[in-house]
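A.B. asks: Here it is, the structure, as C-alpha cells.
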Amino acid sequence: MAAGPDGVLLVDKPPGITSTRALALSKRALASRKAGHTGTLDPFATGLLPLVFGEATKFSRFLIDSDKTYLATLRLGAVSSTGDTEGEVTPGGPVPTDIREIEAVSREMVGSSMQIPPMHSAVRVQGQRLYHLARQGVEIERAARPIRIEFLEVLSFSGENLVISVKCSKGTYVRTLAESLGERLGCGAYLIGLRRTETAGYRVEEAATPEALAEMGVEAARDRLLPVEVLVQTLPRSDLAEREAWAIRNGQELPAQAGWEPGERALFGPAGEFIGVGLVAGGRLAAARLMATGISG
C-alpha cells in the first residue's frame with residue numbers, strides 16, 4: 001500500500017467536537033492512517049488546530065511547544081464550576097463600569113507566573129486525567145506550572161461581556177486566566193467563548209474546517225499540506241554536502257562547523273531536502289530525529 005502524505009495541515013476546528021474527532025475527520029479527508037495533533041482545544045472552543053501527518057509526527061513537539069494566541073470572550077459578574085459554559089454558574093460581585101480599570105488589571109497579568117491546572121482539564125495526575133476525577137466529584141491537589149503571558153489586550157467591553165486577545169506559552173489554560181482576571185477585578189468571571197487564532201505564526205484564516213476538507217476531495221485536501229520542515233523553521237539551518245548527509249543518515253557523527261552553537265539544528269541535504277534534526281554537543285553533530293528515506297508524499 002502506498003505511503004500516506006507527509007506534512008502539516010491547518011484545520012479550523014468547529015464548536016461541539018473534540019480535537020480527537022477533528023483529527024479523525026481530517027485523516028479521513030486526506031485518506032491517511034498516520035496523523036496527530038499539536039495541542040488540543042476543548043470541545044466548545046474553535047479555531048486553529050494544526051495537525052501533523054506521516055513523517056511530520058516526528059517533529060510535532062516544535063508546534064506543541066510554541067506560543068499560541070486566542071480570542072476569548074468572558075462573562076463578568078459570575079463564576080462557573082468548570083471555568084466555562086459547561087459548569088454550574090453562580091453570581092459573583094459587581095462588574096466594573098470603567099474599562100480603564102479592566103485594562104489596568106489586564107496589564108498586571110502580562111509576564112511570567114505560576115498557574116494551577118483546572119480540575120476540568122486533560123492533565124494526568126497519578127495516571128488519571130483530571131477531568132475524569134472532576135466528573136466523579138473528586139478534587140485533588142495540583143502542582144502549579146510556569147506560564148508566560150506575552151500580551152493580554154482588551155478588545156471590547158459591553159455590559160457583562162469582555163473580549164480579550166491573549167498570547168501565551170504552552171500549557172496556559174485560558175479558562176483559569178479568565179477566572180484569575182475575574183478574581184482581581186473582584187467580580188468573578190468565566191469563559192463563554194474561545195477561539196485559537198494563531199500558533200507559531202500560522203493564522204486561523206489559513207485553515208480549513210473538516211467539513212470543507214471532506215468536500216474538496218482527497219487530492220485537493222492533500223494539496224493544503226505544508227512541508228514537514230515548517231515545523232523546525234525556528235531552528236538554525238545546516239545545509240550538508242552529499243557525503244555529510246549520507247553519514248548522518250547512517251548514524252555517523254560529524255565535526256561541528258565553526259559558528260555552530262550547541263543545541264538542535266535543522267538539517268538539509270545537497271538538493272535542499274529536509275533530512276531531520278541534529279544535535280550539536282561536544283563539538284560534534286549527531287542525528288537527533290530523522291526523516292525516513294524512501295517516503296513518498
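Identifiers in this document derive from the order of the C-alpha cells: chains are assigned A, B, ..., residues are numbered from 1 separately in each chain, and ligands are numbered from 1 in order of occurrence.
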Please, which residues of region 35-214 of chain A, numbered as in this document, come out strand (DSSP E) from DSSP, as a PDB file with N, CA and C atoms, in the first residue's frame?
C.D. replies:
```
ATOM      1  N   ALA A  35      -1.423  10.198  11.770  1.00  0.00           N
ATOM      2  CA  ALA A  35      -1.537  11.641  11.995  1.00  0.00           C
ATOM      3  C   ALA A  35      -1.677  11.909  13.481  1.00  0.00           C
ATOM      4  N   GLY A  36      -1.428  13.138  13.876  1.00  0.00           N
ATOM      5  CA  GLY A  36      -1.566  13.542  15.276  1.00  0.00           C
ATOM      6  C   GLY A  36      -1.827  15.032  15.361  1.00  0.00           C
ATOM      7  N   HIS A  37      -2.173  15.515  16.547  1.00  0.00           N
ATOM      8  CA  HIS A  37      -2.399  16.953  16.717  1.00  0.00           C
ATOM      9  C   HIS A  37      -1.245  17.569  17.499  1.00  0.00           C
ATOM     10  N   THR A  46     -13.105  26.842  19.436  1.00  0.00           N
ATOM     11  CA  THR A  46     -12.940  26.741  17.989  1.00  0.00           C
ATOM     12  C   THR A  46     -11.560  27.264  17.611  1.00  0.00           C
ATOM     13  N   GLY A  47     -11.250  27.100  16.314  1.00  0.00           N
ATOM     14  CA  GLY A  47     -10.054  27.761  15.822  1.00  0.00           C
ATOM     15  C   GLY A  47      -8.947  26.839  15.375  1.00  0.00           C
ATOM     16  N   LEU A  48      -7.760  27.405  15.307  1.00  0.00           N
ATOM     17  CA  LEU A  48      -6.621  26.769  14.659  1.00  0.00           C
ATOM     18  C   LEU A  48      -6.154  25.522  15.402  1.00  0.00           C
ATOM     19  N   LEU A  49      -6.172  24.407  14.684  1.00  0.00           N
ATOM     20  CA  LEU A  49      -5.731  23.123  15.211  1.00  0.00           C
ATOM     21  C   LEU A  49      -4.755  22.529  14.191  1.00  0.00           C
ATOM     22  N   PRO A  50      -3.453  22.822  14.309  1.00  0.00           N
ATOM     23  CA  PRO A  50      -2.501  22.248  13.355  1.00  0.00           C
ATOM     24  C   PRO A  50      -2.373  20.738  13.575  1.00  0.00           C
ATOM     25  N   LEU A  51      -2.484  19.985  12.497  1.00  0.00           N
ATOM     26  CA  LEU A  51      -2.354  18.539  12.546  1.00  0.00           C
ATOM     27  C   LEU A  51      -1.112  18.116  11.777  1.00  0.00           C
ATOM     28  N   VAL A  52      -0.479  17.050  12.220  1.00  0.00           N
ATOM     29  CA  VAL A  52       0.735  16.557  11.563  1.00  0.00           C
ATOM     30  C   VAL A  52       0.455  15.186  10.968  1.00  0.00           C
ATOM     31  N   PHE A  53       0.925  14.983   9.737  1.00  0.00           N
ATOM     32  CA  PHE A  53       0.675  13.745   9.013  1.00  0.00           C
ATOM     33  C   PHE A  53       1.990  13.061   8.643  1.00  0.00           C
ATOM     34  N   LYS A  68       0.803  30.435  21.620  1.00  0.00           N
ATOM     35  CA  LYS A  68      -0.484  30.412  20.921  1.00  0.00           C
ATOM     36  C   LYS A  68      -1.270  31.670  21.279  1.00  0.00           C
ATOM     37  N   THR A  69      -2.089  32.118  20.334  1.00  0.00           N
ATOM     38  CA  THR A  69      -2.882  33.325  20.529  1.00  0.00           C
ATOM     39  C   THR A  69      -4.367  32.972  20.464  1.00  0.00           C
ATOM     40  N   TYR A  70      -5.143  33.559  21.371  1.00  0.00           N
ATOM     41  CA  TYR A  70      -6.568  33.249  21.472  1.00  0.00           C
ATOM     42  C   TYR A  70      -7.390  34.526  21.484  1.00  0.00           C
ATOM     43  N   LEU A  71      -8.607  34.404  20.975  1.00  0.00           N
ATOM     44  CA  LEU A  71      -9.638  35.406  21.145  1.00  0.00           C
ATOM     45  C   LEU A  71     -10.619  34.827  22.155  1.00  0.00           C
ATOM     46  N   ALA A  72     -10.736  35.449  23.319  1.00  0.00           N
ATOM     47  CA  ALA A  72     -11.550  34.905  24.404  1.00  0.00           C
ATOM     48  C   ALA A  72     -12.640  35.884  24.797  1.00  0.00           C
ATOM     49  N   THR A  73     -13.837  35.347  25.012  1.00  0.00           N
ATOM     50  CA  THR A  73     -14.953  36.148  25.497  1.00  0.00           C
ATOM     51  C   THR A  73     -15.285  35.726  26.917  1.00  0.00           C
ATOM     52  N   LEU A  74     -15.268  36.681  27.843  1.00  0.00           N
ATOM     53  CA  LEU A  74     -15.508  36.409  29.263  1.00  0.00           C
ATOM     54  C   LEU A  74     -16.854  36.992  29.680  1.00  0.00           C
ATOM     55  N   ARG A  75     -17.531  36.308  30.561  1.00  0.00           N
ATOM     56  CA  ARG A  75     -18.713  36.843  31.212  1.00  0.00           C
ATOM     57  C   ARG A  75     -18.301  37.283  32.620  1.00  0.00           C
ATOM     58  N   LEU A  76     -18.404  38.571  32.887  1.00  0.00           N
ATOM     59  CA  LEU A  76     -18.047  39.116  34.189  1.00  0.00           C
ATOM     60  C   LEU A  76     -19.248  39.093  35.120  1.00  0.00           C
ATOM     61  N   ALA A  78     -19.944  36.692  37.396  1.00  0.00           N
ATOM     62  CA  ALA A  78     -20.401  35.347  37.734  1.00  0.00           C
ATOM     63  C   ALA A  78     -19.216  34.408  37.643  1.00  0.00           C
ATOM     64  N   VAL A  79     -19.354  33.233  38.261  1.00  0.00           N
ATOM     65  CA  VAL A  79     -18.304  32.216  38.198  1.00  0.00           C
ATOM     66  C   VAL A  79     -18.932  30.889  37.784  1.00  0.00           C
ATOM     67  N   SER A  80     -18.114  30.023  37.217  1.00  0.00           N
ATOM     68  CA  SER A  80     -18.558  28.707  36.768  1.00  0.00           C
ATOM     69  C   SER A  80     -17.709  27.637  37.443  1.00  0.00           C
ATOM     70  N   VAL A  89     -23.140  27.747  37.037  1.00  0.00           N
ATOM     71  CA  VAL A  89     -22.843  29.173  37.144  1.00  0.00           C
ATOM     72  C   VAL A  89     -23.517  29.758  38.380  1.00  0.00           C
ATOM     73  N   THR A  90     -22.749  30.529  39.152  1.00  0.00           N
ATOM     74  CA  THR A  90     -23.271  31.218  40.329  1.00  0.00           C
ATOM     75  C   THR A  90     -22.876  32.692  40.263  1.00  0.00           C
ATOM     76  N   PRO A  91     -23.672  33.569  40.887  1.00  0.00           N
ATOM     77  CA  PRO A  91     -23.384  35.007  40.813  1.00  0.00           C
ATOM     78  C   PRO A  91     -22.057  35.365  41.468  1.00  0.00           C
ATOM     79  N   GLY A 111       3.350  38.692  31.598  1.00  0.00           N
ATOM     80  CA  GLY A 111       4.634  38.266  32.130  1.00  0.00           C
ATOM     81  C   GLY A 111       4.585  36.829  32.613  1.00  0.00           C
ATOM     82  N   SER A 112       5.610  36.446  33.344  1.00  0.00           N
ATOM     83  CA  SER A 112       5.733  35.075  33.833  1.00  0.00           C
ATOM     84  C   SER A 112       5.035  34.912  35.173  1.00  0.00           C
ATOM     85  N   SER A 113       4.417  33.759  35.358  1.00  0.00           N
ATOM     86  CA  SER A 113       3.738  33.463  36.620  1.00  0.00           C
ATOM     87  C   SER A 113       3.567  31.959  36.747  1.00  0.00           C
ATOM     88  N   MET A 114       2.914  31.544  37.824  1.00  0.00           N
ATOM     89  CA  MET A 114       2.601  30.138  38.038  1.00  0.00           C
ATOM     90  C   MET A 114       1.087  29.956  37.951  1.00  0.00           C
ATOM     91  N   GLN A 115       0.662  28.859  37.321  1.00  0.00           N
ATOM     92  CA  GLN A 115      -0.770  28.614  37.157  1.00  0.00           C
ATOM     93  C   GLN A 115      -1.088  27.173  37.543  1.00  0.00           C
ATOM     94  N   ARG A 124      -2.691  14.737  33.432  1.00  0.00           N
ATOM     95  CA  ARG A 124      -2.656  13.477  34.182  1.00  0.00           C
ATOM     96  C   ARG A 124      -1.993  13.683  35.541  1.00  0.00           C
ATOM     97  N   VAL A 125      -2.645  13.205  36.582  1.00  0.00           N
ATOM     98  CA  VAL A 125      -2.080  13.195  37.927  1.00  0.00           C
ATOM     99  C   VAL A 125      -2.249  11.778  38.474  1.00  0.00           C
ATOM    100  N   GLN A 128      -4.206   9.448  36.154  1.00  0.00           N
ATOM    101  CA  GLN A 128      -5.608   9.708  35.823  1.00  0.00           C
ATOM    102  C   GLN A 128      -5.785  11.125  35.273  1.00  0.00           C
ATOM    103  N   ARG A 129      -6.647  11.244  34.277  1.00  0.00           N
ATOM    104  CA  ARG A 129      -6.983  12.568  33.761  1.00  0.00           C
ATOM    105  C   ARG A 129      -7.779  13.317  34.816  1.00  0.00           C
ATOM    106  N   ARG A 145       2.185  25.302  37.560  1.00  0.00           N
ATOM    107  CA  ARG A 145       3.122  25.207  36.448  1.00  0.00           C
ATOM    108  C   ARG A 145       3.494  26.602  35.959  1.00  0.00           C
ATOM    109  N   PRO A 146       4.737  26.761  35.496  1.00  0.00           N
ATOM    110  CA  PRO A 146       5.141  28.080  34.984  1.00  0.00           C
ATOM    111  C   PRO A 146       4.492  28.377  33.642  1.00  0.00           C
ATOM    112  N   ILE A 147       3.974  29.590  33.489  1.00  0.00           N
ATOM    113  CA  ILE A 147       3.410  30.043  32.222  1.00  0.00           C
ATOM    114  C   ILE A 147       3.922  31.453  31.952  1.00  0.00           C
ATOM    115  N   ARG A 148       3.703  31.912  30.723  1.00  0.00           N
ATOM    116  CA  ARG A 148       4.049  33.291  30.392  1.00  0.00           C
ATOM    117  C   ARG A 148       2.976  33.877  29.493  1.00  0.00           C
ATOM    118  N   ILE A 149       2.500  35.055  29.854  1.00  0.00           N
ATOM    119  CA  ILE A 149       1.541  35.804  29.038  1.00  0.00           C
ATOM    120  C   ILE A 149       2.321  36.880  28.289  1.00  0.00           C
ATOM    121  N   GLU A 150       2.385  36.738  26.973  1.00  0.00           N
ATOM    122  CA  GLU A 150       3.131  37.708  26.162  1.00  0.00           C
ATOM    123  C   GLU A 150       2.357  39.017  26.034  1.00  0.00           C
ATOM    124  N   PHE A 151       1.053  38.924  25.793  1.00  0.00           N
ATOM    125  CA  PHE A 151       0.218  40.119  25.839  1.00  0.00           C
ATOM    126  C   PHE A 151      -1.206  39.709  26.175  1.00  0.00           C
ATOM    127  N   LEU A 152      -1.933  40.627  26.768  1.00  0.00           N
ATOM    128  CA  LEU A 152      -3.349  40.450  27.088  1.00  0.00           C
ATOM    129  C   LEU A 152      -4.015  41.790  26.807  1.00  0.00           C
ATOM    130  N   GLU A 153      -4.733  41.851  25.683  1.00  0.00           N
ATOM    131  CA  GLU A 153      -5.305  43.110  25.205  1.00  0.00           C
ATOM    132  C   GLU A 153      -6.828  43.072  25.284  1.00  0.00           C
ATOM    133  N   VAL A 154      -7.403  44.112  25.856  1.00  0.00           N
ATOM    134  CA  VAL A 154      -8.858  44.251  25.885  1.00  0.00           C
ATOM    135  C   VAL A 154      -9.322  44.778  24.538  1.00  0.00           C
ATOM    136  N   LEU A 155     -10.197  44.007  23.860  1.00  0.00           N
ATOM    137  CA  LEU A 155     -10.699  44.407  22.551  1.00  0.00           C
ATOM    138  C   LEU A 155     -12.040  45.117  22.644  1.00  0.00           C
ATOM    139  N   SER A 156     -12.917  44.627  23.536  1.00  0.00           N
ATOM    140  CA  SER A 156     -14.214  45.282  23.690  1.00  0.00           C
ATOM    141  C   SER A 156     -14.798  44.938  25.052  1.00  0.00           C
ATOM    142  N   PHE A 157     -15.665  45.810  25.534  1.00  0.00           N
ATOM    143  CA  PHE A 157     -16.317  45.611  26.834  1.00  0.00           C
ATOM    144  C   PHE A 157     -17.715  46.189  26.742  1.00  0.00           C
ATOM    145  N   SER A 158     -18.709  45.317  26.884  1.00  0.00           N
ATOM    146  CA  SER A 158     -20.103  45.743  26.770  1.00  0.00           C
ATOM    147  C   SER A 158     -20.941  44.999  27.788  1.00  0.00           C
ATOM    148  N   ASN A 161     -20.004  41.415  29.175  1.00  0.00           N
ATOM    149  CA  ASN A 161     -19.137  40.668  28.269  1.00  0.00           C
ATOM    150  C   ASN A 161     -17.842  41.424  27.986  1.00  0.00           C
ATOM    151  N   LEU A 162     -16.750  40.703  28.132  1.00  0.00           N
ATOM    152  CA  LEU A 162     -15.420  41.258  27.896  1.00  0.00           C
ATOM    153  C   LEU A 162     -14.713  40.387  26.865  1.00  0.00           C
ATOM    154  N   VAL A 163     -14.210  40.997  25.793  1.00  0.00           N
ATOM    155  CA  VAL A 163     -13.480  40.268  24.761  1.00  0.00           C
ATOM    156  C   VAL A 163     -12.011  40.662  24.831  1.00  0.00           C
ATOM    157  N   ILE A 164     -11.145  39.650  24.917  1.00  0.00           N
ATOM    158  CA  ILE A 164      -9.712  39.897  25.029  1.00  0.00           C
ATOM    159  C   ILE A 164      -8.960  39.076  23.985  1.00  0.00           C
ATOM    160  N   SER A 165      -7.773  39.546  23.644  1.00  0.00           N
ATOM    161  CA  SER A 165      -6.836  38.775  22.836  1.00  0.00           C
ATOM    162  C   SER A 165      -5.631  38.490  23.719  1.00  0.00           C
ATOM    163  N   VAL A 166      -5.221  37.223  23.761  1.00  0.00           N
ATOM    164  CA  VAL A 166      -4.127  36.841  24.645  1.00  0.00           C
ATOM    165  C   VAL A 166      -3.168  35.915  23.915  1.00  0.00           C
ATOM    166  N   LYS A 167      -1.897  36.222  24.016  1.00  0.00           N
ATOM    167  CA  LYS A 167      -0.841  35.349  23.506  1.00  0.00           C
ATOM    168  C   LYS A 167      -0.122  34.763  24.706  1.00  0.00           C
ATOM    169  N   CYS A 168      -0.013  33.424  24.732  1.00  0.00           N
ATOM    170  CA  CYS A 168       0.510  32.782  25.936  1.00  0.00           C
ATOM    171  C   CYS A 168       1.386  31.577  25.585  1.00  0.00           C
ATOM    172  N   ALA A 189     -15.404  35.820  36.953  1.00  0.00           N
ATOM    173  CA  ALA A 189     -15.516  35.735  35.502  1.00  0.00           C
ATOM    174  C   ALA A 189     -15.383  34.280  35.078  1.00  0.00           C
ATOM    175  N   TYR A 190     -15.994  33.973  33.937  1.00  0.00           N
ATOM    176  CA  TYR A 190     -15.784  32.669  33.340  1.00  0.00           C
ATOM    177  C   TYR A 190     -15.829  32.805  31.823  1.00  0.00           C
ATOM    178  N   LEU A 191     -15.363  31.780  31.148  1.00  0.00           N
ATOM    179  CA  LEU A 191     -15.194  31.821  29.707  1.00  0.00           C
ATOM    180  C   LEU A 191     -16.478  31.405  29.008  1.00  0.00           C
ATOM    181  N   ILE A 192     -16.962  32.233  28.075  1.00  0.00           N
ATOM    182  CA  ILE A 192     -18.149  31.858  27.301  1.00  0.00           C
ATOM    183  C   ILE A 192     -17.827  31.674  25.819  1.00  0.00           C
ATOM    184  N   GLY A 193     -16.598  31.981  25.436  1.00  0.00           N
ATOM    185  CA  GLY A 193     -16.186  31.771  24.048  1.00  0.00           C
ATOM    186  C   GLY A 193     -14.676  31.745  23.960  1.00  0.00           C
ATOM    187  N   LEU A 194     -14.149  30.832  23.119  1.00  0.00           N
ATOM    188  CA  LEU A 194     -12.696  30.746  22.965  1.00  0.00           C
ATOM    189  C   LEU A 194     -12.374  30.321  21.542  1.00  0.00           C
ATOM    190  N   ARG A 195     -11.514  31.094  20.897  1.00  0.00           N
ATOM    191  CA  ARG A 195     -11.096  30.777  19.533  1.00  0.00           C
ATOM    192  C   ARG A 195      -9.585  30.952  19.424  1.00  0.00           C
ATOM    193  N   ARG A 196      -8.892  29.887  19.026  1.00  0.00           N
ATOM    194  CA  ARG A 196      -7.443  29.988  18.817  1.00  0.00           C
ATOM    195  C   ARG A 196      -7.210  30.599  17.444  1.00  0.00           C
ATOM    196  N   THR A 197      -6.494  31.706  17.423  1.00  0.00           N
ATOM    197  CA  THR A 197      -6.318  32.450  16.182  1.00  0.00           C
ATOM    198  C   THR A 197      -4.932  32.284  15.566  1.00  0.00           C
ATOM    199  N   GLU A 198      -3.945  31.857  16.367  1.00  0.00           N
ATOM    200  CA  GLU A 198      -2.589  31.773  15.822  1.00  0.00           C
ATOM    201  C   GLU A 198      -1.754  30.773  16.612  1.00  0.00           C
ATOM    202  N   THR A 199      -0.910  30.046  15.898  1.00  0.00           N
ATOM    203  CA  THR A 199       0.076  29.144  16.500  1.00  0.00           C
ATOM    204  C   THR A 199       1.367  29.265  15.707  1.00  0.00           C
ATOM    205  N   TYR A 202       1.277  30.838  12.327  1.00  0.00           N
ATOM    206  CA  TYR A 202       0.221  30.411  11.416  1.00  0.00           C
ATOM    207  C   TYR A 202      -1.124  30.885  11.941  1.00  0.00           C
ATOM    208  N   ARG A 203      -1.964  31.410  11.036  1.00  0.00           N
ATOM    209  CA  ARG A 203      -3.204  32.035  11.447  1.00  0.00           C
ATOM    210  C   ARG A 203      -4.408  31.196  11.016  1.00  0.00           C
TER     211      ARG A 203
END
```
A.B. asks: Return as a ChimeraX atom specification the full set of residues in region 151-180 of chain A whose backbone-based DSSP assignment is helix (DSSP H, G or I).
C.D. replies: /A:174-180
A.B. asks: Using only C-alpha atoms for the distances, tell me which of A:Val230, A:Gly188, A:Leu267, A:Ala208 is nearest to Asp6 (chain A).
C.D. replies: A:Val230
A.B. asks: Using CA of Gly276 (chain A) and CA of Lys27 (chain A) as the two end points, give the distance in Å to one decimal.
C.D. replies: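 Taking CA of Gly276 (chain A) and CA of Lys27 (chain A), their separation equals 23.6 Å.
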A.B. asks: Select, from A:Pro117, A:Pro255, A:Gly93, A:Gly171, the residue with the minimum atom-to-atom distance to Asp65 (chain A), counting only C-alpha atoms.
C.D. replies: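 The answer is A:Gly171, which sits nearest to Asp65 (chain A).
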A.B. asks: My list of candidates is A:Pro96, A:Gly39, A:Gly217, A:Gly4. Which is closest to Gly77 (chain A) when distances are computed with only C-alpha atoms?
C.D. replies: A:Pro96
A.B. asks: Can you list, as a JSON list (two decimals) with C-alpha atoms, in the first residue's frame, every protein, DNA or RNA residue that comes within 9 Å of region 278-287 of chain A when you count only C-alpha atoms, leaving out same-chain residues fewer than 4 positions away?
C.D. replies:
```
[["chain", "number", "residue", "atom", "x", "y", "z"],
["A", 248, "ILE", "CA", 24.16, 11.50, 9.27],
["A", 249, "ARG", "CA", 21.51, 9.25, 7.74],
["A", 251, "GLY", "CA", 24.20, 7.06, 12.24],
["A", 252, "GLN", "CA", 27.61, 8.68, 11.95],
["A", 253, "GLU", "CA", 28.68, 11.89, 13.67],
["A", 254, "LEU", "CA", 30.28, 14.88, 12.01],
["A", 255, "PRO", "CA", 32.60, 17.58, 13.35],
["A", 256, "ALA", "CA", 30.62, 20.73, 14.17],
["A", 257, "GLN", "CA", 31.39, 23.61, 11.86],
["A", 260, "TRP", "CA", 27.59, 26.22, 15.30],
["A", 261, "GLU", "CA", 26.30, 26.73, 18.81],
["A", 262, "PRO", "CA", 25.44, 23.71, 21.00],
["A", 263, "GLY", "CA", 21.83, 22.64, 20.55],
["A", 264, "GLU", "CA", 19.46, 21.47, 17.85],
["A", 265, "ARG", "CA", 19.77, 22.31, 14.15],
["A", 266, "ALA", "CA", 17.53, 21.72, 11.13],
["A", 267, "LEU", "CA", 19.45, 19.57, 8.63]]
```
A.B. asks: Do you have the CA of Leu63 (chain A)-CA of Ala221 (chain A) distance handy?
C.D. replies: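 Between these atoms lies a distance of 20.9 Å.
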A.B. asks: Distance CA of Pro5 (chain A)-CA of Arg243 (chain A), one decimal place?
C.D. replies: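 Going from CA of Pro5 (chain A) over to CA of Arg243 (chain A) covers 27.8 Å.
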A.B. asks: So that I can check the surroundings of Leu23 (chain A), please list as number ranges by chain every protein, DNA and RNA residue that reaches within 12 Å of it, counting only C-alpha atoms and ignoring chain neighbours fewer than 5 positions away.
C.D. replies: A: 9-14, 17-18, 28-41, 49-53, 209-211, 213
A.B. asks: Give me a file of those residues, with N, CA and C atoms, as a CSV table (one decimal), in the first residue's frame.
C.D. replies:
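Result saved to out-v2.csv:
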```
chain,number,residue,atom,x,y,z
A,9,LEU,N,-1.1,20.2,8.4
A,9,LEU,CA,-2.4,20.6,7.9
A,9,LEU,C,-3.0,21.6,8.9
A,10,LEU,N,-3.4,22.8,8.5
A,10,LEU,CA,-4.1,23.8,9.3
A,10,LEU,C,-5.6,23.6,9.3
A,11,VAL,N,-6.1,23.2,10.4
A,11,VAL,CA,-7.6,22.9,10.5
A,11,VAL,C,-8.2,23.9,11.4
A,12,ASP,N,-9.4,24.4,11.0
A,12,ASP,CA,-10.2,25.3,11.8
A,12,ASP,C,-11.3,24.4,12.5
A,13,LYS,N,-11.1,24.1,13.8
A,13,LYS,CA,-12.0,23.2,14.5
A,13,LYS,C,-13.3,23.9,14.8
A,14,PRO,N,-14.4,23.3,14.4
A,14,PRO,CA,-15.7,23.9,14.7
A,14,PRO,C,-16.1,23.6,16.2
A,17,ILE,N,-17.2,19.6,18.9
A,17,ILE,CA,-16.5,18.3,18.7
A,17,ILE,C,-15.1,18.4,19.4
A,18,THR,N,-14.6,17.2,19.8
A,18,THR,CA,-13.3,17.2,20.4
A,18,THR,C,-12.2,17.3,19.3
A,28,ARG,N,-9.6,11.1,7.5
A,28,ARG,CA,-10.5,10.5,6.5
A,28,ARG,C,-10.5,11.4,5.2
A,29,ALA,N,-10.5,12.7,5.4
A,29,ALA,CA,-10.5,13.6,4.2
A,29,ALA,C,-9.2,13.5,3.4
A,30,LEU,N,-8.1,13.2,4.1
A,30,LEU,CA,-6.8,13.0,3.4
A,30,LEU,C,-6.4,11.6,3.1
A,31,ALA,N,-7.3,10.6,3.5
A,31,ALA,CA,-7.1,9.2,3.3
A,31,ALA,C,-5.7,8.8,3.9
A,32,SER,N,-5.5,9.2,5.2
A,32,SER,CA,-4.3,9.0,5.9
A,32,SER,C,-4.5,8.1,7.1
A,33,ARG,N,-3.6,7.3,7.4
A,33,ARG,CA,-3.7,6.5,8.6
A,33,ARG,C,-2.8,7.0,9.8
A,34,LYS,N,-1.8,7.8,9.5
A,34,LYS,CA,-0.8,8.2,10.5
A,34,LYS,C,-0.9,9.7,10.6
A,35,ALA,N,-1.4,10.2,11.8
A,35,ALA,CA,-1.5,11.6,12.0
A,35,ALA,C,-1.7,11.9,13.5
A,36,GLY,N,-1.4,13.1,13.9
A,36,GLY,CA,-1.6,13.5,15.3
A,36,GLY,C,-1.8,15.0,15.4
A,37,HIS,N,-2.2,15.5,16.5
A,37,HIS,CA,-2.4,17.0,16.7
A,37,HIS,C,-1.2,17.6,17.5
A,38,THR,N,-1.3,18.9,17.6
A,38,THR,CA,-0.2,19.6,18.2
A,38,THR,C,-0.7,20.5,19.4
A,39,GLY,N,-1.6,19.9,20.1
A,39,GLY,CA,-2.2,20.7,21.2
A,39,GLY,C,-3.7,20.8,21.1
A,40,THR,N,-4.4,20.2,22.0
A,40,THR,CA,-5.9,20.1,21.8
A,40,THR,C,-6.6,21.4,22.2
A,41,LEU,N,-7.9,21.5,21.7
A,41,LEU,CA,-8.8,22.5,22.0
A,41,LEU,C,-10.0,21.8,22.7
A,49,LEU,N,-6.2,24.4,14.7
A,49,LEU,CA,-5.7,23.1,15.2
A,49,LEU,C,-4.8,22.5,14.2
A,50,PRO,N,-3.5,22.8,14.3
A,50,PRO,CA,-2.5,22.2,13.4
A,50,PRO,C,-2.4,20.7,13.6
A,51,LEU,N,-2.5,20.0,12.5
A,51,LEU,CA,-2.4,18.5,12.5
A,51,LEU,C,-1.1,18.1,11.8
A,52,VAL,N,-0.5,17.0,12.2
A,52,VAL,CA,0.7,16.6,11.6
A,52,VAL,C,0.5,15.2,11.0
A,53,PHE,N,0.9,15.0,9.7
A,53,PHE,CA,0.7,13.7,9.0
A,53,PHE,C,2.0,13.1,8.6
A,209,THR,N,-12.0,24.0,7.6
A,209,THR,CA,-12.8,23.1,8.5
A,209,THR,C,-12.7,21.7,8.0
A,210,PRO,N,-12.9,20.7,8.9
A,210,PRO,CA,-13.0,19.3,8.5
A,210,PRO,C,-14.1,19.1,7.4
A,211,GLU,N,-15.2,19.8,7.5
A,211,GLU,CA,-16.2,19.6,6.5
A,211,GLU,C,-15.8,20.1,5.1
A,213,LEU,N,-12.7,20.2,4.1
A,213,LEU,CA,-11.7,19.3,3.6
A,213,LEU,C,-12.4,18.1,2.9
```
A.B. asks: Calculated over only C-alpha atoms, which of the candidates A:Phe59, A:Phe268, A:Phe274, A:Trp246 has the smallest distance to Val8 (chain A)?
C.D. replies: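 Smallest distance to Val8 (chain A) is found for A:Phe59.
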